[in-house]
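**Student:** mmCIF, C-alpha atoms, file upload39.cif:
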data_structure
loop_
_atom_site.label_atom_id
_atom_site.label_comp_id
_atom_site.auth_asym_id
_atom_site.auth_seq_id
_atom_site.Cartn_x
_atom_site.Cartn_y
_atom_site.Cartn_z
CA MET A 17 93.25 15.98 146.03
CA ALA A 18 91.09 12.92 146.89
CA LEU A 19 89.22 12.76 150.18
CA HIS A 20 91.47 9.97 151.47
CA ASP A 21 94.62 11.92 150.55
CA GLN A 22 93.30 14.97 152.39
CA THR A 23 92.77 12.84 155.49
CA ARG A 24 96.21 11.17 155.39
CA LYS A 25 97.84 14.58 155.19
CA ALA A 26 96.04 15.73 158.35
CA VAL A 27 96.71 12.78 160.71
CA SER A 28 99.84 11.16 162.01
CA GLY A 29 101.03 8.42 164.38
CA ASP A 30 99.61 4.91 164.88
CA ASN A 31 96.15 6.10 165.87
CA GLY A 32 96.28 8.62 163.05
CA GLU A 33 96.94 5.78 160.61
CA ILE A 34 93.91 3.95 161.98
CA ALA A 35 91.78 7.07 161.45
CA SER A 36 93.16 7.53 157.95
CA ARG A 37 92.39 3.96 156.87
CA LEU A 38 88.98 4.09 158.47
CA LEU A 39 88.04 7.31 156.68
CA GLY A 40 89.23 5.91 153.37
CA TRP A 41 86.96 2.92 153.91
CA TYR A 42 84.06 5.21 154.91
CA ASP A 43 84.44 7.26 151.73
CA ALA A 44 83.76 4.12 149.72
CA HIS A 45 81.40 2.15 151.96
CA HIS A 46 79.40 4.59 154.14
CA ARG A 47 75.74 3.77 154.75
CA ASP A 48 73.14 5.85 152.93
CA LEU A 49 71.00 7.25 155.76
CA PRO A 50 68.25 9.89 155.44
CA TRP A 51 69.84 12.21 158.01
CA ARG A 52 73.41 11.91 156.73
CA ILE A 53 75.41 14.16 154.40
CA PRO A 54 77.72 11.79 152.47
CA PRO A 55 81.44 12.55 152.49
CA ARG A 56 81.68 13.68 148.87
CA ALA A 57 78.84 16.17 149.38
CA LEU A 58 80.59 17.48 152.50
CA ALA A 59 83.81 17.90 150.54
CA GLY A 60 81.79 19.83 147.95
CA GLY A 61 80.59 22.34 150.52
CA ALA A 62 77.33 20.84 151.81
CA ARG A 63 76.77 21.27 155.54
CA PRO A 64 74.67 19.20 157.93
CA ASP A 65 71.52 20.72 159.42
CA PRO A 66 71.99 20.60 163.22
CA TYR A 67 68.24 20.09 163.65
CA LEU A 68 68.29 16.92 161.56
CA VAL A 69 71.44 15.64 163.26
CA TRP A 70 69.90 16.26 166.70
CA LEU A 71 66.58 14.66 165.73
CA SER A 72 68.25 11.53 164.36
CA GLU A 73 70.57 11.14 167.34
CA VAL A 74 67.71 11.40 169.85
CA MET A 75 65.70 8.85 167.88
CA LEU A 76 68.69 6.50 167.63
CA GLN A 77 69.21 6.33 171.39
CA GLN A 78 68.57 2.67 172.30
CA THR A 79 66.83 2.09 168.94
CA THR A 80 68.01 0.50 165.70
CA VAL A 81 68.74 2.43 162.53
CA GLU A 82 66.13 0.47 160.55
CA ALA A 83 63.41 1.25 163.12
CA VAL A 84 64.28 4.96 163.09
CA LYS A 85 64.28 5.62 159.33
CA SER A 86 60.51 5.79 158.81
CA TYR A 87 59.96 7.80 162.01
CA PHE A 88 62.65 10.28 161.01
CA ARG A 89 61.14 10.81 157.56
CA ALA A 90 57.66 11.27 159.03
CA PHE A 91 58.89 13.81 161.61
CA VAL A 92 60.81 15.83 159.04
CA GLN A 93 57.83 15.86 156.70
CA LYS A 94 55.55 17.14 159.48
CA TRP A 95 58.06 19.41 161.22
CA PRO A 96 60.95 20.37 158.88
CA THR A 97 62.53 22.83 161.32
CA VAL A 98 63.05 23.07 165.05
CA GLN A 99 60.65 26.04 165.10
CA ALA A 100 57.95 23.90 163.47
CA LEU A 101 58.47 21.15 166.05
CA ALA A 102 58.32 23.68 168.87
CA ALA A 103 55.01 25.00 167.54
CA ALA A 104 53.46 21.51 167.41
CA PRO A 105 51.09 20.38 170.20
CA THR A 106 52.81 17.96 172.57
CA GLU A 107 50.05 15.41 172.00
CA ASP A 108 50.80 15.38 168.25
CA VAL A 109 54.50 14.77 168.94
CA MET A 110 53.70 11.89 171.29
CA LYS A 111 51.36 10.36 168.68
CA ALA A 112 54.08 10.61 166.02
CA TRP A 113 56.57 8.98 168.43
CA ALA A 114 54.23 6.11 169.42
CA GLY A 115 55.90 2.75 168.85
CA LEU A 116 59.46 4.10 168.92
CA GLY A 117 59.80 3.42 172.67
CA TYR A 118 61.59 5.12 175.57
CA TYR A 119 58.96 7.85 175.69
CA SER A 120 60.90 10.20 177.96
CA ARG A 121 62.94 10.90 174.80
CA ALA A 122 59.84 12.31 173.10
CA ARG A 123 59.03 14.56 176.05
CA ASN A 124 62.63 15.79 176.15
CA LEU A 125 62.61 16.23 172.36
CA LYS A 126 59.67 18.61 172.61
CA ALA A 127 61.18 20.46 175.61
CA CYS A 128 64.49 20.86 173.75
CA ALA A 129 62.77 22.13 170.59
CA ASP A 130 60.82 24.65 172.67
CA LEU A 131 64.00 25.96 174.31
CA VAL A 132 66.05 26.14 171.09
CA ALA A 133 63.20 27.92 169.31
CA ARG A 134 62.96 30.49 172.12
CA GLN A 135 66.71 31.07 171.74
CA GLY A 136 66.43 31.92 168.05
CA GLY A 137 66.37 28.42 166.55
CA ARG A 138 70.14 27.85 166.72
CA PHE A 139 71.69 24.89 168.48
CA PRO A 140 74.86 25.45 170.54
CA ASP A 141 77.95 24.38 168.59
CA SER A 142 79.94 22.95 171.53
CA GLU A 143 79.61 19.87 173.72
CA PRO A 144 79.16 21.86 176.96
CA GLY A 145 76.50 24.07 175.38
CA LEU A 146 74.64 21.09 173.91
CA LYS A 147 74.63 19.25 177.24
CA GLU A 148 72.66 22.13 178.73
CA LEU A 149 69.67 21.22 176.54
CA PRO A 150 66.91 18.81 177.72
CA GLY A 151 67.53 15.18 176.84
CA ILE A 152 71.09 15.66 175.59
CA GLY A 153 73.72 13.69 177.49
CA ALA A 154 77.41 13.18 176.92
CA TYR A 155 77.08 10.84 173.92
CA THR A 156 74.44 12.88 172.08
CA ALA A 157 76.29 16.15 172.71
CA ALA A 158 79.50 14.67 171.30
CA ALA A 159 77.70 13.25 168.25
CA ILE A 160 76.00 16.54 167.41
CA ALA A 161 79.18 18.54 167.99
CA ALA A 162 81.19 16.27 165.69
CA ILE A 163 78.66 15.60 162.93
CA ALA A 164 76.82 18.93 162.79
CA PHE A 165 79.64 21.32 163.78
CA ASP A 166 82.84 19.44 162.83
CA GLN A 167 84.15 19.60 166.40
CA PRO A 168 86.82 17.02 167.38
CA ALA A 169 84.59 15.21 169.87
CA ALA A 170 84.95 11.61 171.05
CA VAL A 171 81.69 9.91 170.05
CA VAL A 172 81.27 6.58 171.84
CA ASP A 173 78.15 4.45 171.35
CA GLY A 174 77.75 0.68 171.60
CA ASN A 175 79.21 0.09 168.16
CA VAL A 176 82.27 2.20 168.95
CA GLU A 177 82.76 0.46 172.30
CA ARG A 178 82.86 -2.88 170.51
CA VAL A 179 85.31 -1.68 167.83
CA VAL A 180 87.70 -0.11 170.33
CA SER A 181 87.49 -3.05 172.76
CA ARG A 182 88.64 -5.32 169.96
CA LEU A 183 91.23 -2.98 168.49
CA PHE A 184 93.04 -2.82 171.82
CA SER A 185 91.92 -6.13 173.42
CA ILE A 186 90.49 -4.32 176.42
CA ALA A 187 89.95 -7.10 178.97
CA THR A 188 88.26 -4.92 181.59
CA PRO A 189 84.50 -5.62 181.76
CA LEU A 190 82.61 -3.13 179.65
CA GLY A 191 80.86 -1.40 182.52
CA GLU A 192 84.23 -0.53 184.06
CA ALA A 193 86.11 0.09 180.80
CA LYS A 194 84.19 3.09 179.49
CA GLY A 195 86.84 5.61 180.57
CA GLU A 196 89.62 3.59 178.95
CA ILE A 197 87.61 3.24 175.74
CA ARG A 198 86.84 6.94 175.63
CA GLY A 199 90.52 7.73 176.09
CA GLN A 200 91.44 5.57 173.12
CA VAL A 201 88.78 7.26 170.97
CA GLU A 202 89.99 10.71 172.00
CA ARG A 203 93.48 9.78 170.80
CA MET A 204 92.12 8.55 167.46
CA VAL A 205 89.87 11.51 166.56
CA PRO A 206 91.55 13.27 163.61
CA GLY A 207 91.96 17.03 163.37
CA THR A 208 90.03 17.01 160.12
CA ARG A 209 86.71 15.33 159.34
CA PRO A 210 85.87 14.40 162.94
CA GLY A 211 82.20 14.04 162.03
CA ASP A 212 82.96 11.56 159.26
CA PHE A 213 85.31 9.72 161.61
CA ALA A 214 82.54 9.36 164.21
CA GLN A 215 80.13 8.03 161.60
CA ALA A 216 82.81 5.74 160.16
CA MET A 217 83.34 4.16 163.58
CA MET A 218 79.59 3.62 163.93
CA ASP A 219 79.30 2.13 160.45
CA LEU A 220 82.26 -0.17 161.04
CA GLY A 221 80.64 -1.55 164.18
CA ALA A 222 77.23 -1.88 162.53
CA THR A 223 78.33 -3.58 159.30
CA ILE A 224 81.76 -5.21 159.81
CA CYS A 225 82.72 -5.42 163.49
CA THR A 226 79.41 -6.97 164.48
CA PRO A 227 78.73 -8.66 167.84
CA ARG A 228 78.62 -12.13 166.26
CA ARG A 229 80.67 -13.36 163.32
CA PRO A 230 82.54 -10.13 162.59
CA ARG A 231 83.72 -9.88 158.98
CA CYS A 232 87.34 -9.27 159.88
CA MET A 233 88.70 -9.96 156.40
CA LEU A 234 86.79 -6.91 155.12
CA CYS A 235 87.85 -4.62 157.97
CA PRO A 236 90.01 -1.65 156.97
CA VAL A 237 91.88 -1.71 160.32
CA ARG A 238 92.29 -5.48 160.76
CA GLU A 239 96.08 -5.16 160.69
CA ASP A 240 95.86 -2.87 163.73
CA CYS A 241 93.34 -5.01 165.62
CA SER A 242 94.76 -6.87 168.57
CA ALA A 243 91.68 -9.08 168.96
CA THR A 244 91.83 -10.15 165.31
CA MET A 245 95.51 -11.01 165.68
CA SER A 246 94.67 -13.15 168.71
CA GLY A 247 92.10 -15.07 166.66
CA ASP A 248 89.18 -14.48 169.05
CA PRO A 249 87.56 -11.10 168.36
CA GLU A 250 84.19 -12.22 169.72
CA ARG A 251 85.72 -12.38 173.19
CA PHE A 252 85.51 -8.58 173.27
CA PRO A 253 83.97 -6.52 174.69
CA VAL A 254 84.08 -8.44 177.96
CA ARG A 255 80.68 -8.39 179.65
CA LEU A 256 79.61 -9.48 183.10
CA PRO A 257 76.58 -11.82 183.25
CA LYS A 258 73.31 -9.90 183.00
CA ALA A 259 70.98 -9.88 185.95
CA GLU A 260 67.73 -11.69 185.22
CA ARG A 261 64.78 -9.38 184.55
CA PRO A 262 61.98 -9.68 187.11
CA LEU A 263 58.55 -10.65 185.76
CA ARG A 264 55.62 -8.40 186.68
CA ARG A 265 51.95 -9.23 186.22
CA GLY A 266 48.81 -7.18 185.73
CA ALA A 267 45.57 -6.86 183.79
CA ALA A 268 44.32 -4.59 181.02
CA PHE A 269 40.74 -3.85 180.03
CA VAL A 270 39.55 -3.20 176.47
CA ALA A 271 36.07 -1.67 176.53
CA VAL A 272 34.41 -1.46 173.11
CA ARG A 273 31.42 0.70 172.27
CA GLY A 274 28.74 -0.36 169.78
CA ASP A 275 30.29 1.80 167.04
CA GLY A 276 33.71 0.20 167.55
CA ALA A 277 35.21 3.00 169.68
CA VAL A 278 37.71 1.91 172.35
CA LEU A 279 37.96 3.36 175.86
CA LEU A 280 41.34 5.03 176.49
CA ARG A 281 43.02 7.29 179.00
CA LYS A 282 46.27 9.24 179.23
CA ARG A 283 49.04 8.20 181.62
CA ILE A 284 50.58 10.75 183.95
CA GLU A 285 53.39 12.79 182.39
CA LYS A 286 56.23 11.40 184.51
CA GLY A 287 57.47 7.87 184.87
CA LEU A 288 57.20 4.78 182.69
CA LEU A 289 55.31 5.50 179.44
CA GLY A 290 54.66 9.00 180.76
CA GLY A 291 52.19 11.05 178.75
CA MET A 292 51.25 8.14 176.49
CA THR A 293 47.76 6.74 175.89
CA GLU A 294 46.57 3.41 177.28
CA VAL A 295 43.52 1.28 177.91
CA PRO A 296 42.57 1.01 181.60
CA THR A 297 45.05 -1.23 183.37
CA THR A 298 45.98 -2.23 186.90
CA GLY A 299 48.71 -0.70 189.00
CA TRP A 300 51.72 -2.69 187.91
CA THR A 301 55.14 -1.03 187.91
CA ALA A 302 58.74 -2.16 187.47
CA ARG A 303 58.72 -3.02 191.19
CA ILE A 304 55.26 -4.44 191.95
CA ASP A 305 52.55 -6.55 190.36
CA GLY A 306 49.06 -5.26 189.69
CA ALA A 307 45.75 -7.04 190.07
CA THR A 308 45.19 -9.71 187.42
CA THR A 309 41.43 -10.37 187.44
CA GLU A 310 38.30 -8.70 186.06
CA ALA A 311 37.49 -7.55 189.58
CA ALA A 312 39.86 -4.61 188.93
CA ALA A 313 37.93 -3.45 185.83
CA PRO A 314 37.21 0.31 185.53
CA PHE A 315 33.44 -0.33 185.72
CA PRO A 316 31.12 -3.35 186.09
CA GLY A 317 30.44 -5.21 182.87
CA ASN A 318 30.43 -8.50 181.04
CA TRP A 319 34.20 -8.80 181.06
CA ARG A 320 35.68 -11.90 179.50
CA GLN A 321 39.28 -12.91 178.99
CA ALA A 322 40.64 -12.12 175.53
CA GLY A 323 44.16 -13.44 175.93
CA ARG A 324 47.49 -12.67 177.54
CA ILE A 325 50.34 -10.58 176.17
CA GLY A 326 53.98 -10.27 177.11
CA HIS A 327 56.25 -7.26 176.77
CA VAL A 328 59.87 -6.65 177.75
CA PHE A 329 60.98 -3.32 179.17
CA THR A 330 64.60 -2.42 179.90
CA HIS A 331 64.54 -3.53 183.53
CA PHE A 332 61.61 -5.94 183.75
CA ALA A 333 59.29 -8.18 181.77
CA LEU A 334 55.52 -7.79 181.92
CA GLU A 335 52.58 -10.13 181.42
CA LEU A 336 49.09 -8.69 181.15
CA ASP A 337 45.85 -10.64 181.18
CA VAL A 338 43.56 -8.93 178.68
CA PHE A 339 39.83 -8.59 179.30
CA LYS A 340 37.21 -7.30 176.87
CA ALA A 341 33.67 -5.99 177.31
CA GLU A 342 31.08 -4.29 175.13
CA THR A 343 29.30 -1.23 176.54
CA ASP A 344 27.50 1.91 175.47
CA SER A 345 28.13 3.70 178.77
CA ALA A 346 29.62 7.17 178.98
CA ALA A 347 33.38 7.31 179.46
CA PRO A 348 34.35 7.36 183.17
CA ALA A 349 36.13 10.45 184.50
CA GLY A 350 39.64 10.75 183.07
CA HIS A 351 38.85 8.45 180.13
CA PHE A 352 37.70 9.04 176.54
CA TRP A 353 36.36 7.06 173.60
CA SER A 354 38.59 6.77 170.54
CA LEU A 355 36.72 6.02 167.32
CA ALA A 356 37.66 2.88 165.42
CA ASP A 357 39.25 4.82 162.53
CA GLU A 358 41.28 6.99 164.94
CA ILE A 359 42.82 4.33 167.18
CA SER A 360 45.84 3.80 164.91
CA GLY A 361 46.74 7.48 165.29
CA GLU A 362 46.60 7.55 169.09
CA ALA A 363 49.79 7.82 171.16
CA LEU A 364 49.74 4.13 172.04
CA PRO A 365 52.99 2.51 173.19
CA SER A 366 53.79 -0.92 171.81
CA VAL A 367 52.59 -2.74 174.91
CA MET A 368 49.14 -1.15 174.59
CA LYS A 369 48.95 -1.94 170.89
CA LYS A 370 49.56 -5.58 171.83
CA VAL A 371 46.76 -5.41 174.40
CA ILE A 372 44.23 -3.94 171.95
CA GLU A 373 45.26 -6.35 169.20
CA ALA A 374 44.66 -9.28 171.56
CA ALA A 375 41.08 -8.12 172.06
CA ILE A 376 40.38 -6.60 168.60
CA PRO A 377 42.73 -7.99 165.92
CA GLY A 378 43.70 -5.31 163.40
CA ALA A 379 42.34 -2.41 165.46
CA THR A 380 45.64 -0.54 165.74
CA LYS A 381 46.66 -0.99 162.10
CA LYS A 382 46.30 1.96 159.77
CA GLN A 383 43.34 1.52 157.45
CA ARG A 384 44.27 1.65 153.77
CA PRO A 385 42.09 3.91 151.63
CA ARG A 386 39.68 1.99 149.44
#
Render the structure in this file as structure tokens.
**Tutor:**
Amino acid sequence: MALHDQTRKAVSGDNGEIASRLLGWYDAHHRDLPWRIPPRALAGGARPDPYLVWLSEVMLQQTTVEAVKSYFRAFVQKWPTVQALAAAPTEDVMKAWAGLGYYSRARNLKACADLVARQGGRFPDSEPGLKELPGIGAYTAAAIAAIAFDQPAAVVDGNVERVVSRLFSIATPLGEAKGEIRGQVERMVPGTRPGDFAQAMMDLGATICTPRRPRCMLCPVREDCSATMSGDPERFPVRLPKAERPLRRGAAFVAVRGDGAVLLRKRIEKGLLGGMTEVPTTGWTARIDGATTEAAAPFPGNWRQAGRIGHVFTHFALELDVFKAETDSAAPAGHFWSLADEISGEALPSVMKKVIEAAIPGATKKQRPR
């Protein structure tokens, strides 16, 4: 019996028909992703590795699939099991995460690996059990439960919210409609292949039911889609106007030693960019500006302006004036010198890579072997 026939036999009703058509489309058009077991392999007896499902879902939080692929492959190559990740130094994990953003995820990733390893290396197979682990909220718990353990969980990410808002023409603004959307998803989840259904919904939103110019003529559930029938699918989901991000200012200081080493320090573990590495910078936060002149430098020197960089965080935008100085002084307390050929491997967030690149173009790029 074909995969699609198996699915049709297991679902019923209008929402069941939607699930059946969607799974048939997924069987033929699913994305090839490094953490995914394709449907035919699942039907042949292959089973997802909960560690890989968890790792991918944490990486995918607020990050695009294309950005995650290379990080996922690098992590799995370095740490192929949750026990291996638990045994890794936290600093190595933060370095491997650098550039992926939202660094609290990396700290929670390490804390979760440590806990799972202490508990025998097995992830809980239910949503409630998964939500007890560090860094796993309602969405991630549902995704792992469905994809790794075949539990009938309602998995609702941004792609799914868009698909469901259009299917049912949900006119309530998205921030207030999450309960209604989840209820619709719960009614659609089939009794068989819930993991494939969750991934099918994500793929549909990512490749067909896109935010702009959705490809409705290729959609497997277009006949069931209220927004398509109305002729204006882009109206959904309904969003309230976004509040304007405040702009914060500050300064950053790139000190360079004669051998090309750069002066760095580690940020405190908690808060924005917690535990990551940075050049000395002034006390800007999401709420206040920092000093913007060379008078705030970490030590006296021949500081000169090397440019200005901009960076956008979730809740605010940041502009940093970049200053550069050459020195052969010892590193001040709480700072260290990073050699020129080691800078690219430091746990530098994107904003700090921009700062260093403004002062020393190419410094944060990996050197190719000659």
**Student:** For the file shown, what are the residues hit by the PyMOL selection byres ((chain A and resi 237-253) around 12), laid out as a PyMOL selection string?
**Tutor:** chain A and resi 30-42+174-194+197+216-217+220-221+224-236+254-256
**Student:** A:Glu342, A:Asp65, A:Glu294, A:Asp275: which is nearest A:Leu364, counting all atoms listed in the file?
**Tutor:** A:Glu294
**Student:** Got a sec: who's within 10 Å of stretch 79-92 of chain A, counting all atoms listed in the file, leaving out chain neighbours fewer than 4 positions off, as a list of chain:residue names?
**Tutor:** A:Leu49, A:Pro50, A:Trp51, A:Tyr67, A:Leu68, A:Leu71, A:Ser72, A:Glu73, A:Val74, A:Met75, A:Pro96, A:Thr97, A:Val98, A:Ala100, A:Leu101, A:Val109, A:Ala112, A:Trp113, A:Ala114, A:Gly115, A:Leu116, A:Gly117, A:Tyr118, A:Ala222
**Student:** Out of A:Thr293, A:Asn124, A:Ser366, A:Thr208, which residue has the shortest atom-to-atom distance to A:Lys111 when counting all atoms listed in the file?
**Tutor:**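 Looking at the shortest contact to A:Lys111, the residue is A:Thr293.
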**Student:** Fewer than 5 positions away in the same chain doesn't count, so skip those; otherwise give me all residues within 12 Å of stretch 330-332 of chain A, counting only C-alpha atoms, as a ChimeraX atom specification.
**Tutor:** /A:78,117-118,258-265,288,300-305
**Student:** What does the structure give for the distance between atom CA of A:Val278 and atom CA of A:Val367, in Å to one decimal?
**Tutor:**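 For atom CA of A:Val278 relative to atom CA of A:Val367, the distance reads 15.8 Å.
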**Student:** Please enumerate the residues selected by the PyMOL selection byres ((chain A and resi 309) around 10) when evaluated against the supplied file, formatted as number ranges by chain.
**Tutor:** A: 266-269, 298, 306-308, 310-313, 319-321, 337-339
**Student:** Determine the residue membership of the PyMOL selection byres ((chain A and resi 102) around 12) for the file above and supply it as a PyMOL selection string.
**Tutor:** chain A and resi 67+94-101+103-106+108-109+123-137
**Student:** Taking all atoms of stretch 28-42 of chain A that the file lists and extending 6 Å past them on each side, where is the centre of the axis-aligned box and how long are its edges? Answer in Å to one decimal, as lines of an AutoDock Vina configuration file.
**Tutor:**
center_x = 92.5
center_y = 7.0
center_z = 159.6
size_x = 29.0
size_y = 20.2
size_z = 24.5
**Student:** Could you check how far atom CA of A:Gly287 sits from atom CA of A:Gln77, in Å to one decimal?
**Tutor:**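 According to the coordinates, atom CA of A:Gly287 and atom CA of A:Gln77 are separated by 17.9 Å.
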**Student:** What separation in Å, quoted to one decimal, exists between atom CA of A:Arg138 and atom CA of A:Leu76?
**Tutor:**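 A separation of 21.4 Å between them.
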**Student:** Could you check which of A:Met110, A:Ser354, A:Gly145, A:Ala347 is closest to A:Glu285, using only C-alpha atoms?
**Tutor:**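 Using only C-alpha atoms, the shortest distance to A:Glu285 belongs to A:Met110.
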**Student:** Which residue gives the smallest distance to A:Arg56 among A:Glu107, A:Glu202, A:Asp212, A:Asp166, with only C-alpha atoms counted?
**Tutor:**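 Distance minimum relative to A:Arg56 lands on A:Asp212.
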